[in-house]
Amino acid sequence: MTKPPLTIHLAAPRGFCAGVDRAIKIVEMALIKWGAPVYVRHEIVHNKYVVDGLREKGAVFVEELDECPDDRPVIFSAHGVAKVVPAEAERREMIYVDATCPLVSKVHIEAERHSDNGLQIIMIGHAGHPETIGTMGQLPDGEVLLVETEADVDTVNVRDPDKLAFVTQTTLSVDDTKGIVTALNTRFPNIVGPHKEDICYATTNRQEAVKEVAPLVDAMLVVGAPNSSNSKRLVEVGAKNGCKYSQLVQRGKDIDWRALEGISSLGITAGASAPEVLVNEVIDAFRDRFEVTVEVVETAVERVNFKVPRVLRDMEAAS
């Protein structure tokens with residue numbers, strides 16, 4: 001039986017960003033340096049396939065530091081942690097490695113600098129997300145106020161409307177933050193914003209590629225995890241830019257084939273914590289059912305590379 005033709009428009013850039021790549025490398029290098037088990041506080045990145053792979057190599061994932069023994073190394077996830085976490089690790093004389101993405105660390109430093117200048121911080125982010133918890137935890141309670149929507153800006157209770165600054169969760173959609181930033185500037189004309197948008201280069205690049213692909217296709221699939229903020233934003237960007245069916249899938253087995261009946265073109269991208277092997281798995285699933293032609297839609301070339309922490313750098317030089 002002849003397979004129906006399908007053109008897959010493959011977005012580029014997609015998948016792993018430099019911060020995720022660095023975080024995974026940190027866990028792998030720590031396992032080589034100290035042997036198993038190495039403890040990791042929270043998922044190193046938001047992807048089950050990646051976490052399960054590291055678990056098989058000897059990583060033990062825990063929610064809190066009190067689940068870790070004193071005599072084994074612990075790694076903090078790419079999303080960042082509140083200041084009390086490394087402080088507690090030092091008190092217990094633990095070996096710890098901070099895998100916080102340098103772009104998240106930049107936001108932490110920015111928040112501290114504003115606080116040192118006497119400003120209260122408003123954070124644009126999602127409640128409960130590890131990055132938001134980590135950023136808000138850089139300063140004492142009450143010094144960082146969270147807003148999730150434009151409506152939140154109307155009700156946020158600040159200490160002094162003339163002494164404010166704002167920072168942004170790095171994985172949010174550029175489009176999502178525009179309205180909130182406008183609302184902040186309208187209500188608080190003297191609020192200080194970041195010199196450059198806090199939204200990271202990888203988030204922006206992946207969204208721009210989706211904007212390019214979405215109008216060309218009947219459906220858009222984003223390979224990523226349901227707890228990955230940047231992956232969920234990619235789904236939203238696809239829907240907002242002309243794609244009637246824009247959905248998240250973790251693996252090839254998760255594809256809803258009934259919803260895709262009759263399509264002739266498909267967009268595929270991947271969130272910043274999704275490995276390319278899963279993208280290939282999804283493409284192969286379509287090859288089983290369609291005569292596939294793949295066309296890459298490239299909107300940017302990424303050459304960003306982040307160094308691993310100094311405690312592991314001697315290993316990198318030796319390899």
# chains A, B, ... in the order shown; residues from 1 in each chain; ligands from 1
>>> residues_around(residues="Glu88 (chain A)", least_positions_apart="6", cutoff="10 Å", atoms="only C-alpha atoms", output="list of chain:residue names")
A:Leu65, A:Asp66, A:Met94
>>> residues_around(residues="Leu139 (chain A)", least_positions_apart="5", cutoff="9 Å", atoms="only C-alpha atoms", output="compact mmCIF listing (two decimals) with N, CA, C and O atoms, in the first residue's frame")
# COMPACT_ATOMS: atom_id res chain seq x y z
N ALA A 82 17.74 28.40 45.71
CA ALA A 82 17.76 29.49 46.69
C ALA A 82 19.08 29.46 47.46
O ALA A 82 19.71 28.40 47.59
N LYS A 83 19.49 30.60 47.99
CA LYS A 83 20.78 30.71 48.67
C LYS A 83 20.92 29.79 49.88
O LYS A 83 22.02 29.38 50.24
N ALA A 111 19.31 40.62 40.31
CA ALA A 111 18.37 40.84 41.42
C ALA A 111 19.11 41.32 42.67
O ALA A 111 18.66 42.26 43.34
N GLU A 112 20.25 40.70 42.95
CA GLU A 112 21.05 41.11 44.13
C GLU A 112 21.56 42.54 43.98
O GLU A 112 21.56 43.32 44.94
N SER A 115 18.81 44.93 44.62
CA SER A 115 18.50 44.94 46.05
C SER A 115 19.53 45.75 46.83
O SER A 115 19.18 46.53 47.73
N VAL A 144 11.42 39.98 46.81
CA VAL A 144 11.07 39.64 45.43
C VAL A 144 9.59 39.27 45.39
O VAL A 144 9.16 38.34 46.08
>>> residues_around(residues="Glu131 (chain A)", least_positions_apart="5", cutoff="9 Å", atoms="only C-alpha atoms", output="compact mmCIF listing (two decimals) with all heavy atoms, in the first residue's frame")
# COMPACT_ATOMS: atom_id res chain seq x y z
N ALA A 78 20.01 22.73 36.80
CA ALA A 78 20.25 23.86 35.89
C ALA A 78 19.31 25.03 36.16
O ALA A 78 19.59 26.16 35.75
CB ALA A 78 20.08 23.39 34.44
N HIS A 79 18.20 24.79 36.87
CA HIS A 79 17.22 25.85 37.10
C HIS A 79 17.63 26.81 38.20
O HIS A 79 17.03 27.88 38.34
CB HIS A 79 15.85 25.24 37.45
CG HIS A 79 15.37 24.28 36.43
ND1 HIS A 79 15.42 22.91 36.58
CD2 HIS A 79 14.83 24.49 35.21
CE1 HIS A 79 14.94 22.33 35.50
NE2 HIS A 79 14.58 23.25 34.65
N GLY A 80 18.65 26.44 38.99
CA GLY A 80 19.10 27.31 40.07
C GLY A 80 18.42 26.99 41.39
O GLY A 80 17.36 26.36 41.43
N VAL A 81 19.06 27.41 42.49
CA VAL A 81 18.53 27.13 43.83
C VAL A 81 18.58 28.38 44.69
O VAL A 81 19.36 29.30 44.43
CB VAL A 81 19.33 26.01 44.54
CG1 VAL A 81 19.15 24.68 43.85
CG2 VAL A 81 20.82 26.36 44.65
N VAL A 104 20.73 31.96 34.03
CA VAL A 104 19.90 32.08 35.23
C VAL A 104 20.71 32.76 36.34
O VAL A 104 20.20 33.64 37.04
CB VAL A 104 19.39 30.69 35.70
CG1 VAL A 104 18.63 30.80 37.02
CG2 VAL A 104 18.50 30.06 34.63
N GLY A 125 7.25 35.53 36.31
CA GLY A 125 7.56 34.10 36.26
C GLY A 125 6.34 33.26 36.61
O GLY A 125 5.24 33.78 36.80
N HIS A 126 6.57 31.95 36.70
CA HIS A 126 5.50 31.01 37.04
C HIS A 126 5.69 30.50 38.46
O HIS A 126 6.75 29.98 38.80
CB HIS A 126 5.49 29.83 36.06
CG HIS A 126 4.93 30.19 34.72
ND1 HIS A 126 5.40 29.66 33.55
CD2 HIS A 126 3.94 31.04 34.37
CE1 HIS A 126 4.74 30.18 32.53
NE2 HIS A 126 3.84 31.00 33.00
N MET A 136 13.79 33.86 43.46
CA MET A 136 13.19 34.55 44.60
C MET A 136 13.95 34.26 45.89
O MET A 136 14.00 35.08 46.80
CB MET A 136 11.72 34.15 44.73
CG MET A 136 10.87 34.63 43.56
SD MET A 136 9.12 34.23 43.69
CE MET A 136 8.60 35.42 44.94
N GLN A 169 11.76 35.29 34.45
CA GLN A 169 12.13 33.87 34.30
C GLN A 169 12.62 33.66 32.86
O GLN A 169 11.97 34.08 31.91
CB GLN A 169 10.89 33.01 34.58
CG GLN A 169 11.14 31.52 34.50
CD GLN A 169 9.87 30.72 34.78
OE1 GLN A 169 9.07 31.11 35.64
NE2 GLN A 169 9.66 29.65 34.05
N THR A 170 13.76 33.01 32.72
CA THR A 170 14.42 32.96 31.40
C THR A 170 13.64 32.17 30.36
O THR A 170 13.80 32.41 29.17
CB THR A 170 15.83 32.35 31.52
OG1 THR A 170 15.73 30.99 31.96
CG2 THR A 170 16.72 33.14 32.45
N THR A 171 12.81 31.22 30.79
CA THR A 171 12.17 30.30 29.84
C THR A 171 10.80 30.77 29.35
O THR A 171 10.12 30.04 28.63
CB THR A 171 12.01 28.89 30.46
OG1 THR A 171 11.31 29.01 31.70
CG2 THR A 171 13.36 28.25 30.69
>>> select_by_dssp(residues="region 194-284 of chain A", states="alpha helix (DSSP H)", output="short mmCIF file (atom, residue, chain, number, x, y, z; two decimals) with C-alpha atoms, in the first residue's frame")
data_model
loop_
_atom_site.label_atom_id
_atom_site.label_comp_id
_atom_site.auth_asym_id
_atom_site.auth_seq_id
_atom_site.Cartn_x
_atom_site.Cartn_y
_atom_site.Cartn_z
CA TYR A 201 18.99 33.34 23.68
CA ALA A 202 17.88 29.69 23.33
CA THR A 203 14.27 30.40 24.34
CA THR A 204 14.12 33.29 21.86
CA ASN A 205 15.79 31.36 19.02
CA ARG A 206 13.53 28.33 19.37
CA GLN A 207 10.45 30.51 19.42
CA GLU A 208 11.56 32.46 16.33
CA ALA A 209 12.06 29.18 14.43
CA VAL A 210 8.55 28.04 15.42
CA LYS A 211 7.09 31.38 14.25
CA GLU A 212 8.71 30.73 10.86
CA VAL A 213 7.45 27.13 10.61
CA SER A 229 8.28 25.63 30.74
CA ASN A 230 10.13 26.47 27.53
CA SER A 231 8.57 23.47 25.72
CA LYS A 232 5.04 24.49 26.73
CA ARG A 233 5.75 28.03 25.51
CA LEU A 234 6.78 26.63 22.11
CA VAL A 235 3.39 24.92 21.83
CA GLU A 236 1.70 28.26 22.56
CA VAL A 237 3.88 30.11 20.04
CA GLY A 238 2.92 27.57 17.36
CA ALA A 239 -0.79 28.03 18.09
CA LYS A 240 -0.53 31.83 18.12
CA GLU A 276 17.91 15.01 19.42
CA VAL A 277 17.47 11.23 19.76
CA LEU A 278 13.82 11.87 20.70
CA VAL A 279 13.31 14.15 17.69
CA ASN A 280 14.63 11.36 15.47
CA GLU A 281 12.32 8.88 17.20
CA VAL A 282 9.30 11.08 16.35
CA ILE A 283 10.44 11.49 12.72
CA ASP A 284 10.91 7.70 12.43
#
>>> closest_residue(among="A:Leu184, A:Ile122, A:Glu197, A:Ser264", to="Phe166 (chain A)", atoms="only C-alpha atoms")
A:Ile122
>>> closest_atom_pairs(of="region 14-86 of chain A", to="region 299-310 of chain A", cutoff="8 Å", atoms="only C-alpha atoms", output="CSV")
residue,atom,partner,partner_atom,distance
A:Ala18,CA,A:Asn305,CA,5.5
A:Gly19,CA,A:Phe306,CA,6.8
A:Arg22,CA,A:Val308,CA,6.3
A:Lys25,CA,A:Val308,CA,7.8
A:Ile26,CA,A:Val308,CA,6.5
>>> write_last_selection(atoms="N, CA, C and O atoms", output="JSON list (two decimals), in the first residue's frame")
[["chain", "number", "residue", "atom", "x", "y", "z"],
["A", 18, "ALA", "N", 22.91, 25.46, 25.48],
["A", 18, "ALA", "CA", 24.23, 25.35, 26.10],
["A", 18, "ALA", "C", 24.13, 25.08, 27.61],
["A", 18, "ALA", "O", 24.93, 24.35, 28.18],
["A", 19, "GLY", "N", 23.11, 25.67, 28.26],
["A", 19, "GLY", "CA", 22.95, 25.47, 29.70],
["A", 19, "GLY", "C", 22.57, 24.05, 30.06],
["A", 19, "GLY", "O", 23.07, 23.47, 31.03],
["A", 22, "ARG", "N", 25.60, 21.72, 29.38],
["A", 22, "ARG", "CA", 26.56, 21.87, 30.48],
["A", 22, "ARG", "C", 26.10, 21.11, 31.72],
["A", 22, "ARG", "O", 26.89, 20.41, 32.36],
["A", 25, "LYS", "N", 26.50, 17.38, 31.29],
["A", 25, "LYS", "CA", 27.95, 17.08, 31.30],
["A", 25, "LYS", "C", 28.48, 17.10, 32.74],
["A", 25, "LYS", "O", 29.32, 16.28, 33.12],
["A", 26, "ILE", "N", 27.98, 18.04, 33.55],
["A", 26, "ILE", "CA", 28.41, 18.13, 34.96],
["A", 26, "ILE", "C", 28.11, 16.84, 35.70],
["A", 26, "ILE", "O", 28.95, 16.31, 36.44]]
>>> select_by_dssp(residues="region 86-226 of chain A", states="strand (DSSP E or B)", output="list of chain:residue names")
A:Tyr96, A:Val97, A:Asp98, A:Gln120, A:Ile121, A:Ile122, A:Met123, A:Ile124, A:Val144, A:Leu145, A:Leu146, A:Val147, A:Leu164, A:Ala165, A:Phe166, A:Val167, A:Thr168, A:Val192, A:Ala219, A:Met220, A:Leu221, A:Val222, A:Val223
>>> residues_around(residues="Tyr49 (chain A)", least_positions_apart="5", cutoff="10 Å", atoms="only C-alpha atoms", output="MDAnalysis selection string")
chainID A and resid 54:55 224:225 250:251 273:275 277:278
>>> residues_around(residues="Leu119 (chain A)", least_positions_apart="5", cutoff="10 Å", atoms="only C-alpha atoms", output="list of chain:residue names")
A:Ala111, A:Glu112, A:Arg113, A:His114, A:Glu143, A:Val144, A:Arg159, A:Asp160, A:Pro161, A:Asp162, A:Lys163, A:Leu164, A:Ala165, A:Phe166, A:Ile191, A:Val192
>>> residues_around(residues="region 257-262 of chain A", least_positions_apart="3", cutoff="9 Å", atoms="only C-alpha atoms", output="PyMOL selection string")
chain A and resi 4+218-219+245
>>> atom_distance(atom1="CA of Arg41 (chain A)", atom2="CA of Val60 (chain A)")
8.6 Å
>>> residues_around(residues="Arg92 (chain A)", least_positions_apart="6", cutoff="10 Å", atoms="only C-alpha atoms", output="PyMOL selection string")
chain A and resi 69-71+86
>>> write_last_selection(atoms="N, CA, C and O atoms", output="PDB file, in the first residue's frame")
ATOM      1  N   PRO A  69      23.250  12.011  51.779  1.00  0.00           N
ATOM      2  CA  PRO A  69      24.232  11.786  52.838  1.00  0.00           C
ATOM      3  C   PRO A  69      25.327  12.853  52.776  1.00  0.00           C
ATOM      4  O   PRO A  69      25.552  13.463  51.723  1.00  0.00           O
ATOM      5  N   ASP A  70      26.004  13.065  53.903  1.00  0.00           N
ATOM      6  CA  ASP A  70      27.051  14.096  53.954  1.00  0.00           C
ATOM      7  C   ASP A  70      28.276  13.732  53.121  1.00  0.00           C
ATOM      8  O   ASP A  70      29.015  14.614  52.680  1.00  0.00           O
ATOM      9  N   ASP A  71      28.501  12.434  52.919  1.00  0.00           N
ATOM     10  CA  ASP A  71      29.775  11.991  52.349  1.00  0.00           C
ATOM     11  C   ASP A  71      29.733  11.727  50.838  1.00  0.00           C
ATOM     12  O   ASP A  71      30.670  11.143  50.290  1.00  0.00           O
ATOM     13  N   PRO A  86      22.947  26.012  49.005  1.00  0.00           N
ATOM     14  CA  PRO A  86      24.399  25.870  49.128  1.00  0.00           C
ATOM     15  C   PRO A  86      24.916  26.212  50.527  1.00  0.00           C
ATOM     16  O   PRO A  86      25.897  25.626  50.991  1.00  0.00           O
TER      17      PRO A  86
END
>>> atom_distance(atom1="CA of Gly134 (chain A)", atom2="CA of His42 (chain A)")
11.8 Å
>>> closest_residue(among="A:Glu64, A:Val74, A:Thr135, A:Val294", to="Ala36 (chain A)", atoms="only C-alpha atoms")
A:Val74
